[in-house]
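Written below as structure tokens is the structure these notes are about.
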Amino acid sequence: MSLRHIQKAAVQCLLSVEDGTNLRLALSCGKDLDASDKAAFLDISYGVQRFSGSLKAVLSVLLNKPVQDKTIDALLRVALYQLSYTQTPSYAVVNECVALSGKIHHGKFKNLANALLRRFLREKDTLLNQVKNNPNLPKWFEKRLYEDYPTDAQRMIQAALQHPPLTLRLNCRKTNRQNYAEILQKNNIAHTFLSDIAVCLQNPVKVSAIPHFLDGFVSVQDFGAMQAASILQPKDGERILDACAAPGGKTAHIMETADCDVTAVDIDANRLQKVQDNLQRLGFQAALKAANAANVDEWYNGQPFDAILADVPCSATGTIRRNPDIKWLRRADDAQKIADQQVVLLDKLWGCLKNGGRMLFATCSIFREENQEQVSHFLQRHKNACCVLEKQLLINEIQDGFYYALLQKN
């Protein structure tokens, strides 16, 4: 393989996302690359999404008018990302980009690509300085952040441009902070503990290189996502439902915390298999149901649950650092549309909860329509409900954005 193949695959991935495909699915464009090339492909594919606003701004300065061909436009942004944010030799980036452009429309844009990239290299510092304050967000998204979080918006925007940290959750049934710290030290893995069960690796490593991962000592999970089990506080002997459970991180954490009877429901049978794989690695068993959680007749036996984790579908705007394509794929009215869809699911799940039980409403969103406003409307509909805890976690250096509301059934 070569740099040219990497660029070509990255362009295909970018075009696929811009046609509306989720980035994780679009990454299949690089399936034929070898391991070393795939790492570069992943960096480019995520990086172009992360810095898309800045790259487009630079391109607009360099061009007298927009390039009419989508493939050439994508290729130039891929090359600009490489020249701006990677250590790949600039001559190689330019040469391969120009060669690729020569294969499109009989080389119509070859001279343009060559001149544009060489001008960028001459004026690189000036051009990057011009766009350094670009939020790399759609205008409506940036406006929403400043409206809802005027004192935190800038910090969230900056945090969203960083690579997400690799955070591990310790399985307290198999290890503890002191024990696993010693294991990491023996393996010369630099780390920082965020809590007694959360450790952040200072340098990302492959999952296969995480000590005792296959033995179930730890799981990869965002620090914000780890808050769910501690808020729900599962107890020994309880019947607990995890609705919309895949890929199973929170399901497993519940079972690490207490000896409880867990039912995990997810609409996607393939993703539910990931729940099974996670539980098997950790040594747990749960009742897995492939069904739409809102269609309770398909999976519910009528025996009320002591506690429910309602980790409902949402806009996932709290994960834009980990999934940078989300900020470009979402539209301004998506949060309200998704919030409207959540209503049926929440009302159905509430009917599966015993009197005196608790339901943890959870999203990975930072938009109020799906969070605070959703809970407010829920409390208006259900007079036997009260909110005993509410927490909005914002995107920062150590975690994604999450919202939690613990609802008690009186």
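Every chain in the structure tokens takes a letter, A first, then B, and so on in the order presented; its residues are numbered from 1, and the ligands are numbered from 1 following the presented order.
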
Quiz prompt | Arg118 of chain A environment, 12 Å, only C-alpha atoms, sequence neighbours closer than 2 positions dropped, as a list in words | solution =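 In the requested form, the answer reads Leu62, Leu76, Ala79, Leu80, Leu83, Ser90, Tyr91, Ala92, Val93, Val94, Asn95, Cys97, Val98, Asn111, Leu112, Ala113, Asn114, Ala115, Leu116, Phe120, Leu121, Arg122, Glu123 and Lys124 of chain A.
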
Written file, previous selection with N, CA and C atoms, as a PDB file, in the first residue's frame:
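The resulting part-v3.pdb:
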```pdb
ATOM      1  N   LEU A  62      -7.811  30.056  -0.481  1.00  0.00           N
ATOM      2  CA  LEU A  62      -6.890  29.684  -1.552  1.00  0.00           C
ATOM      3  C   LEU A  62      -7.532  29.656  -2.934  1.00  0.00           C
ATOM      4  N   LEU A  76      -8.553  17.751  -1.765  1.00  0.00           N
ATOM      5  CA  LEU A  76      -7.784  18.909  -1.302  1.00  0.00           C
ATOM      6  C   LEU A  76      -7.892  19.066   0.218  1.00  0.00           C
ATOM      7  N   ALA A  79      -5.625  16.491   1.841  1.00  0.00           N
ATOM      8  CA  ALA A  79      -4.221  16.911   1.748  1.00  0.00           C
ATOM      9  C   ALA A  79      -3.922  18.063   2.706  1.00  0.00           C
ATOM     10  N   LEU A  80      -4.837  19.025   2.803  1.00  0.00           N
ATOM     11  CA  LEU A  80      -4.636  20.151   3.720  1.00  0.00           C
ATOM     12  C   LEU A  80      -4.574  19.676   5.168  1.00  0.00           C
ATOM     13  N   LEU A  83      -1.115  18.153   5.678  1.00  0.00           N
ATOM     14  CA  LEU A  83      -0.066  19.178   5.726  1.00  0.00           C
ATOM     15  C   LEU A  83      -0.142  20.010   7.006  1.00  0.00           C
ATOM     16  N   SER A  90       5.754  16.779   3.633  1.00  0.00           N
ATOM     17  CA  SER A  90       4.891  17.609   2.786  1.00  0.00           C
ATOM     18  C   SER A  90       5.052  17.292   1.302  1.00  0.00           C
ATOM     19  N   TYR A  91       6.291  17.010   0.865  1.00  0.00           N
ATOM     20  CA  TYR A  91       6.502  16.729  -0.562  1.00  0.00           C
ATOM     21  C   TYR A  91       5.721  15.485  -0.975  1.00  0.00           C
ATOM     22  N   ALA A  92       5.656  14.488  -0.074  1.00  0.00           N
ATOM     23  CA  ALA A  92       4.940  13.245  -0.386  1.00  0.00           C
ATOM     24  C   ALA A  92       3.440  13.493  -0.468  1.00  0.00           C
ATOM     25  N   VAL A  93       2.911  14.296   0.466  1.00  0.00           N
ATOM     26  CA  VAL A  93       1.484  14.617   0.464  1.00  0.00           C
ATOM     27  C   VAL A  93       1.104  15.309  -0.844  1.00  0.00           C
ATOM     28  N   VAL A  94       1.905  16.311  -1.220  1.00  0.00           N
ATOM     29  CA  VAL A  94       1.614  17.076  -2.434  1.00  0.00           C
ATOM     30  C   VAL A  94       1.731  16.192  -3.672  1.00  0.00           C
ATOM     31  N   ASN A  95       2.813  15.443  -3.769  1.00  0.00           N
ATOM     32  CA  ASN A  95       3.027  14.607  -4.953  1.00  0.00           C
ATOM     33  C   ASN A  95       1.890  13.604  -5.168  1.00  0.00           C
ATOM     34  N   CYS A  97      -1.174  13.682  -3.861  1.00  0.00           N
ATOM     35  CA  CYS A  97      -2.443  14.371  -4.114  1.00  0.00           C
ATOM     36  C   CYS A  97      -2.535  14.824  -5.572  1.00  0.00           C
ATOM     37  N   VAL A  98      -1.460  15.367  -6.086  1.00  0.00           N
ATOM     38  CA  VAL A  98      -1.441  15.819  -7.480  1.00  0.00           C
ATOM     39  C   VAL A  98      -1.599  14.622  -8.427  1.00  0.00           C
ATOM     40  N   ASN A 111      -3.200  20.771 -12.272  1.00  0.00           N
ATOM     41  CA  ASN A 111      -2.408  21.993 -12.082  1.00  0.00           C
ATOM     42  C   ASN A 111      -2.954  22.821 -10.918  1.00  0.00           C
ATOM     43  N   LEU A 112      -4.276  22.840 -10.780  1.00  0.00           N
ATOM     44  CA  LEU A 112      -4.883  23.569  -9.672  1.00  0.00           C
ATOM     45  C   LEU A 112      -4.438  22.982  -8.337  1.00  0.00           C
ATOM     46  N   ALA A 113      -4.492  21.661  -8.208  1.00  0.00           N
ATOM     47  CA  ALA A 113      -4.099  21.007  -6.962  1.00  0.00           C
ATOM     48  C   ALA A 113      -2.637  21.302  -6.632  1.00  0.00           C
ATOM     49  N   ASN A 114      -1.788  21.214  -7.625  1.00  0.00           N
ATOM     50  CA  ASN A 114      -0.360  21.462  -7.415  1.00  0.00           C
ATOM     51  C   ASN A 114      -0.106  22.896  -6.962  1.00  0.00           C
ATOM     52  N   ALA A 115      -0.691  23.863  -7.648  1.00  0.00           N
ATOM     53  CA  ALA A 115      -0.484  25.273  -7.305  1.00  0.00           C
ATOM     54  C   ALA A 115      -1.071  25.608  -5.930  1.00  0.00           C
ATOM     55  N   LEU A 116      -2.250  25.084  -5.661  1.00  0.00           N
ATOM     56  CA  LEU A 116      -2.917  25.406  -4.396  1.00  0.00           C
ATOM     57  C   LEU A 116      -2.143  24.875  -3.195  1.00  0.00           C
ATOM     58  N   PHE A 120      -0.191  26.893  -0.260  1.00  0.00           N
ATOM     59  CA  PHE A 120      -0.505  26.668   1.153  1.00  0.00           C
ATOM     60  C   PHE A 120       0.774  26.479   1.971  1.00  0.00           C
ATOM     61  N   LEU A 121       1.713  25.714   1.448  1.00  0.00           N
ATOM     62  CA  LEU A 121       2.963  25.484   2.175  1.00  0.00           C
ATOM     63  C   LEU A 121       3.751  26.782   2.349  1.00  0.00           C
ATOM     64  N   ARG A 122       3.727  27.654   1.353  1.00  0.00           N
ATOM     65  CA  ARG A 122       4.439  28.933   1.468  1.00  0.00           C
ATOM     66  C   ARG A 122       3.787  29.838   2.513  1.00  0.00           C
ATOM     67  N   GLU A 123       2.460  29.798   2.597  1.00  0.00           N
ATOM     68  CA  GLU A 123       1.721  30.722   3.464  1.00  0.00           C
ATOM     69  C   GLU A 123       1.076  30.010   4.653  1.00  0.00           C
ATOM     70  N   LYS A 124       1.575  28.834   4.975  1.00  0.00           N
ATOM     71  CA  LYS A 124       0.935  27.959   5.957  1.00  0.00           C
ATOM     72  C   LYS A 124       0.658  28.656   7.284  1.00  0.00           C
TER      73      LYS A 124
END
```

Exercise. Do a neighbour search on segment 140-156 of chain A at 6 Å with only C-alpha atoms, toss out local chain neighbours closer than 3 positions, and write the hits as a VMD selection string.
Key: chain A and resid 137 159 395 to 396

Output file for the residues above (N, CA and C atoms, as a compact mmCIF listing (two decimals), in the first residue's frame):
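So the final result, stored in again-v8.txt, reads:
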```
# COMPACT_ATOMS: atom_id res chain seq x y z
N LEU A 137 -17.56 24.03 13.98
CA LEU A 137 -18.93 23.63 14.24
C LEU A 137 -19.85 24.33 13.25
N ALA A 159 -12.25 21.51 23.75
CA ALA A 159 -12.10 20.11 24.15
C ALA A 159 -12.53 19.17 23.03
N ILE A 395 -18.82 18.42 27.96
CA ILE A 395 -17.61 17.95 27.29
C ILE A 395 -16.41 18.68 27.88
N ASN A 396 -15.43 17.93 28.35
CA ASN A 396 -14.20 18.57 28.83
C ASN A 396 -13.02 17.65 28.54
```

Quiz item: Could you pull the residues within 12 Å of Gln336 of chain A, counting only C-alpha atoms, minus those fewer than 4 positions along the same chain, as a ChimeraX atom specification?
Solution: /A:314-315,330-332,340-343,365,367-371,373-374

Could the residues in this selection be saved with N, CA and C atoms as a PDB file, in the first residue's frame?
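For reference, out11.pdb as written:
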```
ATOM      1  N   CYS A 314     -30.595   9.373  21.418  1.00  0.00           N
ATOM      2  CA  CYS A 314     -30.522  10.836  21.476  1.00  0.00           C
ATOM      3  C   CYS A 314     -29.669  11.342  20.321  1.00  0.00           C
ATOM      4  N   SER A 315     -29.443  12.643  20.281  1.00  0.00           N
ATOM      5  CA  SER A 315     -28.642  13.238  19.206  1.00  0.00           C
ATOM      6  C   SER A 315     -27.151  12.955  19.355  1.00  0.00           C
ATOM      7  N   ARG A 330     -25.900  16.329  12.057  1.00  0.00           N
ATOM      8  CA  ARG A 330     -27.090  16.789  12.766  1.00  0.00           C
ATOM      9  C   ARG A 330     -27.625  18.080  12.160  1.00  0.00           C
ATOM     10  N   ARG A 331     -28.926  18.313  12.366  1.00  0.00           N
ATOM     11  CA  ARG A 331     -29.587  19.545  11.944  1.00  0.00           C
ATOM     12  C   ARG A 331     -30.185  20.228  13.168  1.00  0.00           C
ATOM     13  N   ALA A 332     -30.463  21.511  13.037  1.00  0.00           N
ATOM     14  CA  ALA A 332     -30.874  22.317  14.197  1.00  0.00           C
ATOM     15  C   ALA A 332     -32.128  21.787  14.879  1.00  0.00           C
ATOM     16  N   ASP A 340     -39.181  14.185  20.925  1.00  0.00           N
ATOM     17  CA  ASP A 340     -40.567  13.755  20.717  1.00  0.00           C
ATOM     18  C   ASP A 340     -40.660  12.235  20.629  1.00  0.00           C
ATOM     19  N   GLN A 341     -39.651  11.617  20.026  1.00  0.00           N
ATOM     20  CA  GLN A 341     -39.638  10.161  19.897  1.00  0.00           C
ATOM     21  C   GLN A 341     -39.338   9.480  21.239  1.00  0.00           C
ATOM     22  N   GLN A 342     -38.589  10.148  22.105  1.00  0.00           N
ATOM     23  CA  GLN A 342     -38.248   9.583  23.414  1.00  0.00           C
ATOM     24  C   GLN A 342     -39.478   9.432  24.309  1.00  0.00           C
ATOM     25  N   VAL A 343     -40.485  10.275  24.109  1.00  0.00           N
ATOM     26  CA  VAL A 343     -41.635  10.343  25.011  1.00  0.00           C
ATOM     27  C   VAL A 343     -42.327   8.993  25.147  1.00  0.00           C
ATOM     28  N   SER A 365     -26.327  13.562  25.314  1.00  0.00           N
ATOM     29  CA  SER A 365     -26.621  14.818  24.625  1.00  0.00           C
ATOM     30  C   SER A 365     -26.325  16.002  25.541  1.00  0.00           C
ATOM     31  N   PHE A 367     -28.050  18.946  24.637  1.00  0.00           N
ATOM     32  CA  PHE A 367     -29.144  19.833  24.248  1.00  0.00           C
ATOM     33  C   PHE A 367     -30.312  19.700  25.218  1.00  0.00           C
ATOM     34  N   ARG A 368     -30.851  20.818  25.638  1.00  0.00           N
ATOM     35  CA  ARG A 368     -31.865  20.858  26.689  1.00  0.00           C
ATOM     36  C   ARG A 368     -33.174  20.161  26.274  1.00  0.00           C
ATOM     37  N   GLU A 369     -33.515  20.200  24.992  1.00  0.00           N
ATOM     38  CA  GLU A 369     -34.769  19.566  24.566  1.00  0.00           C
ATOM     39  C   GLU A 369     -34.807  18.087  24.936  1.00  0.00           C
ATOM     40  N   GLU A 370     -33.655  17.439  24.837  1.00  0.00           N
ATOM     41  CA  GLU A 370     -33.582  16.002  25.113  1.00  0.00           C
ATOM     42  C   GLU A 370     -33.317  15.714  26.587  1.00  0.00           C
ATOM     43  N   ASN A 371     -33.004  16.714  27.357  1.00  0.00           N
ATOM     44  CA  ASN A 371     -32.566  16.520  28.737  1.00  0.00           C
ATOM     45  C   ASN A 371     -33.492  17.199  29.750  1.00  0.00           C
ATOM     46  N   GLU A 373     -35.595  19.689  29.574  1.00  0.00           N
ATOM     47  CA  GLU A 373     -36.975  19.919  29.135  1.00  0.00           C
ATOM     48  C   GLU A 373     -37.747  18.605  29.035  1.00  0.00           C
ATOM     49  N   GLN A 374     -37.080  17.553  28.633  1.00  0.00           N
ATOM     50  CA  GLN A 374     -37.730  16.237  28.569  1.00  0.00           C
ATOM     51  C   GLN A 374     -38.185  15.794  29.946  1.00  0.00           C
TER      52      GLN A 374
END
```

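Checking A:Ala57, A:Ile6, A:Leu346, A:Val205 one by one against Leu75 of chain A, counting only C-alpha atoms, you find the shortest gap at A:Ile6.
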
Quiz prompt | Best match for closeness to Ala229 of chain A among A:Gly249, A:Pro304, A:Val265, A:Asp125, counting only C-alpha atoms | solution =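 Answer, going by the shortest atom-to-atom distance: A:Gly249.
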
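Counting from atom CA of Pro211 of chain A, the distance to atom CA of Ala225 of chain A is 21.6 Å.
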
Self-check item: Those of segment 86-288 of chain A in DSSP alpha helix (DSSP H), formatted as JSON, numbers by chain
Solution: {"A": [90, 91, 92, 93, 94, 95, 96, 97, 98, 99, 100, 101, 110, 111, 112, 113, 114, 115, 116, 117, 118, 119, 120, 121, 122, 124, 125, 126, 127, 128, 129, 130, 139, 140, 141, 142, 143, 144, 145, 146, 147, 148, 153, 154, 155, 156, 157, 158, 159, 177, 178, 179, 180, 181, 182, 183, 184, 185, 186, 227, 228, 229, 230, 231, 232, 249, 250, 251, 252, 253, 254, 255, 256, 257, 269, 270, 271, 272, 273, 274, 275, 276, 277, 278, 279, 280, 281, 282]}

Quiz prompt | Spatial neighbours of Val388 of chain A, max dist 10 Å, only C-alpha atoms, sep filter under 5 positions, as a PyMOL selection string | solution = chain A and resi 358+405-408

Exercise. Using only C-alpha atoms, pick whichever of A:Leu349, A:Leu14, A:Ala35, A:Leu25 has the shortest atom-to-atom distance to Val48 of chain A.
Key: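 Closest residue, counting only C-alpha atoms: A:Leu14.
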
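Proximity ranking of A:Gln68, A:Glu390, A:Val58, A:Asn355 relative to Leu127 of chain A places A:Val58 first, based on only C-alpha atoms.
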
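Considering only C-alpha atoms, the residue among A:Ile183, A:Ile254, A:Asp325, A:Lys337 positioned nearest to Cys13 of chain A is A:Asp325.
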
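Shell of Ala190 of chain A at 10 Å, with only C-alpha atoms counted and residues fewer than 3 places along the chain excluded, is A:Ala181, A:Leu184, A:Gln185, A:Asn187, A:Cys200, A:Leu201, A:Gln202, A:Asn203, A:Pro204.
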
For the residues selected in the previous step, produce a file with C-alpha atoms as an mmCIF file, in the first residue's frame.
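Okay, selection-v4.cif is ready:
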```
data_model
loop_
_atom_site.group_PDB
_atom_site.id
_atom_site.type_symbol
_atom_site.label_atom_id
_atom_site.label_comp_id
_atom_site.auth_asym_id
_atom_site.auth_seq_id
_atom_site.Cartn_x
_atom_site.Cartn_y
_atom_site.Cartn_z
ATOM 1 C CA ALA A 181 -1.812 0.706 39.303
ATOM 2 C CA LEU A 184 0.225 -0.596 34.740
ATOM 3 C CA GLN A 185 3.541 0.451 36.281
ATOM 4 C CA ASN A 187 4.002 -2.591 31.952
ATOM 5 C CA CYS A 200 -6.943 7.367 32.026
ATOM 6 C CA LEU A 201 -4.012 6.131 29.933
ATOM 7 C CA GLN A 202 -1.792 9.036 28.945
ATOM 8 C CA ASN A 203 -0.946 7.424 25.604
ATOM 9 C CA PRO A 204 -3.573 5.400 23.728
#
```

Practice problem: Would you kindly return, as a PyMOL selection string, each protein, DNA or RNA residue with an atom no farther than 12 Å from any atom of segment 288-291 of chain A, considering only C-alpha atoms and excluding same-chain residues fewer than 4 positions away? | Solution: chain A and resi 241-248+251+261-277+279+284+295-301

Put those residues in a file: N, CA and C atoms, as an mmCIF file, in the first residue's frame.
```cif
data_model
loop_
_atom_site.group_PDB
_atom_site.id
_atom_site.type_symbol
_atom_site.label_atom_id
_atom_site.label_comp_id
_atom_site.auth_asym_id
_atom_site.auth_seq_id
_atom_site.Cartn_x
_atom_site.Cartn_y
_atom_site.Cartn_z
ATOM 1 N N LEU A 241 -33.661 -3.386 34.798
ATOM 2 C CA LEU A 241 -33.780 -3.348 33.341
ATOM 3 C C LEU A 241 -32.811 -2.325 32.775
ATOM 4 N N ASP A 242 -32.041 -2.744 31.782
ATOM 5 C CA ASP A 242 -31.224 -1.805 31.004
ATOM 6 C C ASP A 242 -31.839 -1.728 29.621
ATOM 7 N N ALA A 243 -32.577 -0.658 29.378
ATOM 8 C CA ALA A 243 -33.231 -0.477 28.081
ATOM 9 C C ALA A 243 -32.260 0.190 27.115
ATOM 10 N N CYS A 244 -32.291 -0.215 25.851
ATOM 11 C CA CYS A 244 -31.347 0.301 24.832
ATOM 12 C C CYS A 244 -29.920 0.048 25.304
ATOM 13 N N ALA A 245 -29.608 -1.212 25.588
ATOM 14 C CA ALA A 245 -28.411 -1.574 26.354
ATOM 15 C C ALA A 245 -27.101 -1.577 25.581
ATOM 16 N N ALA A 246 -27.142 -1.852 24.270
ATOM 17 C CA ALA A 246 -25.891 -2.018 23.514
ATOM 18 C C ALA A 246 -25.049 -0.737 23.538
ATOM 19 N N PRO A 247 -23.707 -0.890 23.581
ATOM 20 C CA PRO A 247 -22.924 -2.126 23.487
ATOM 21 C C PRO A 247 -22.673 -2.826 24.822
ATOM 22 N N GLY A 248 -23.266 -2.319 25.908
ATOM 23 C CA GLY A 248 -23.239 -3.078 27.152
ATOM 24 C C GLY A 248 -22.320 -2.579 28.239
ATOM 25 N N THR A 251 -24.444 -1.842 31.272
ATOM 26 C CA THR A 251 -24.988 -3.121 31.753
ATOM 27 C C THR A 251 -23.961 -3.834 32.618
ATOM 28 N N ASP A 261 -30.333 -9.159 39.201
ATOM 29 C CA ASP A 261 -30.903 -9.874 38.067
ATOM 30 C C ASP A 261 -31.173 -8.845 36.969
ATOM 31 N N VAL A 262 -30.379 -8.880 35.916
ATOM 32 C CA VAL A 262 -30.434 -7.828 34.887
ATOM 33 C C VAL A 262 -31.068 -8.351 33.607
ATOM 34 N N THR A 263 -31.992 -7.565 33.076
ATOM 35 C CA THR A 263 -32.537 -7.781 31.735
ATOM 36 C C THR A 263 -32.041 -6.655 30.839
ATOM 37 N N ALA A 264 -31.412 -7.007 29.726
ATOM 38 C CA ALA A 264 -30.869 -6.010 28.800
ATOM 39 C C ALA A 264 -31.628 -6.107 27.482
ATOM 40 N N VAL A 265 -32.231 -4.993 27.071
ATOM 41 C CA VAL A 265 -33.035 -4.944 25.856
ATOM 42 C C VAL A 265 -32.371 -4.020 24.850
ATOM 43 N N ASP A 266 -32.322 -4.433 23.595
ATOM 44 C CA ASP A 266 -31.844 -3.551 22.529
ATOM 45 C C ASP A 266 -32.525 -3.941 21.234
ATOM 46 N N ILE A 267 -32.824 -2.943 20.419
ATOM 47 C CA ILE A 267 -33.561 -3.182 19.180
ATOM 48 C C ILE A 267 -32.710 -3.865 18.122
ATOM 49 N N ASP A 268 -31.382 -3.763 18.247
ATOM 50 C CA ASP A 268 -30.454 -4.281 17.239
ATOM 51 C C ASP A 268 -29.828 -5.585 17.732
ATOM 52 N N ALA A 269 -30.201 -6.694 17.100
ATOM 53 C CA ALA A 269 -29.705 -8.003 17.526
ATOM 54 C C ALA A 269 -28.191 -8.110 17.386
ATOM 55 N N ASN A 270 -27.629 -7.494 16.349
ATOM 56 C CA ASN A 270 -26.172 -7.547 16.164
ATOM 57 C C ASN A 270 -25.453 -6.798 17.265
ATOM 58 N N ARG A 271 -25.982 -5.622 17.630
ATOM 59 C CA ARG A 271 -25.367 -4.862 18.725
ATOM 60 C C ARG A 271 -25.585 -5.564 20.067
ATOM 61 N N LEU A 272 -26.682 -6.287 20.192
ATOM 62 C CA LEU A 272 -26.935 -7.030 21.431
ATOM 63 C C LEU A 272 -25.896 -8.130 21.626
ATOM 64 N N GLN A 273 -25.372 -8.645 20.526
ATOM 65 C CA GLN A 273 -24.308 -9.640 20.626
ATOM 66 C C GLN A 273 -23.067 -9.037 21.279
ATOM 67 N N LYS A 274 -22.844 -7.741 21.057
ATOM 68 C CA LYS A 274 -21.716 -7.071 21.716
ATOM 69 C C LYS A 274 -21.918 -7.022 23.232
ATOM 70 N N VAL A 275 -23.175 -6.864 23.644
ATOM 71 C CA VAL A 275 -23.475 -6.909 25.075
ATOM 72 C C VAL A 275 -23.094 -8.282 25.630
ATOM 73 N N GLN A 276 -23.512 -9.328 24.901
ATOM 74 C CA GLN A 276 -23.190 -10.695 25.325
ATOM 75 C C GLN A 276 -21.681 -10.905 25.396
ATOM 76 N N ASP A 277 -20.954 -10.419 24.403
ATOM 77 C CA ASP A 277 -19.495 -10.580 24.383
ATOM 78 C C ASP A 277 -18.848 -9.878 25.565
ATOM 79 N N LEU A 279 -20.260 -9.110 28.492
ATOM 80 C CA LEU A 279 -20.608 -9.797 29.737
ATOM 81 C C LEU A 279 -19.829 -11.100 29.880
ATOM 82 N N PHE A 284 -20.184 -12.444 33.488
ATOM 83 C CA PHE A 284 -21.563 -12.205 33.932
ATOM 84 C C PHE A 284 -22.559 -12.805 32.955
ATOM 85 N N ASN A 295 -41.958 -1.397 22.744
ATOM 86 C CA ASN A 295 -42.980 -2.422 22.487
ATOM 87 C C ASN A 295 -42.926 -3.463 23.608
ATOM 88 N N VAL A 296 -43.426 -3.087 24.758
ATOM 89 C CA VAL A 296 -43.246 -3.911 25.963
ATOM 90 C C VAL A 296 -43.859 -5.292 25.827
ATOM 91 N N ASP A 297 -44.891 -5.443 24.999
ATOM 92 C CA ASP A 297 -45.530 -6.751 24.840
ATOM 93 C C ASP A 297 -44.586 -7.778 24.236
ATOM 94 N N GLU A 298 -43.548 -7.309 23.559
ATOM 95 C CA GLU A 298 -42.603 -8.218 22.906
ATOM 96 C C GLU A 298 -41.615 -8.855 23.884
ATOM 97 N N TRP A 299 -41.388 -8.218 25.023
ATOM 98 C CA TRP A 299 -40.315 -8.712 25.880
ATOM 99 C C TRP A 299 -40.633 -8.703 27.387
ATOM 100 N N TYR A 300 -41.646 -7.985 27.808
ATOM 101 C CA TYR A 300 -41.921 -7.779 29.239
ATOM 102 C C TYR A 300 -42.903 -8.843 29.749
ATOM 103 N N ASN A 301 -42.536 -9.499 30.867
ATOM 104 C CA ASN A 301 -43.377 -10.563 31.427
ATOM 105 C C ASN A 301 -44.367 -10.072 32.481
#
```

Quiz prompt | Selected residue, from A:Tyr180, A:Tyr403, A:Phe213, A:Phe223, that lies nearest to Ala198 of chain A when counting only C-alpha atoms | solution = A:Phe223
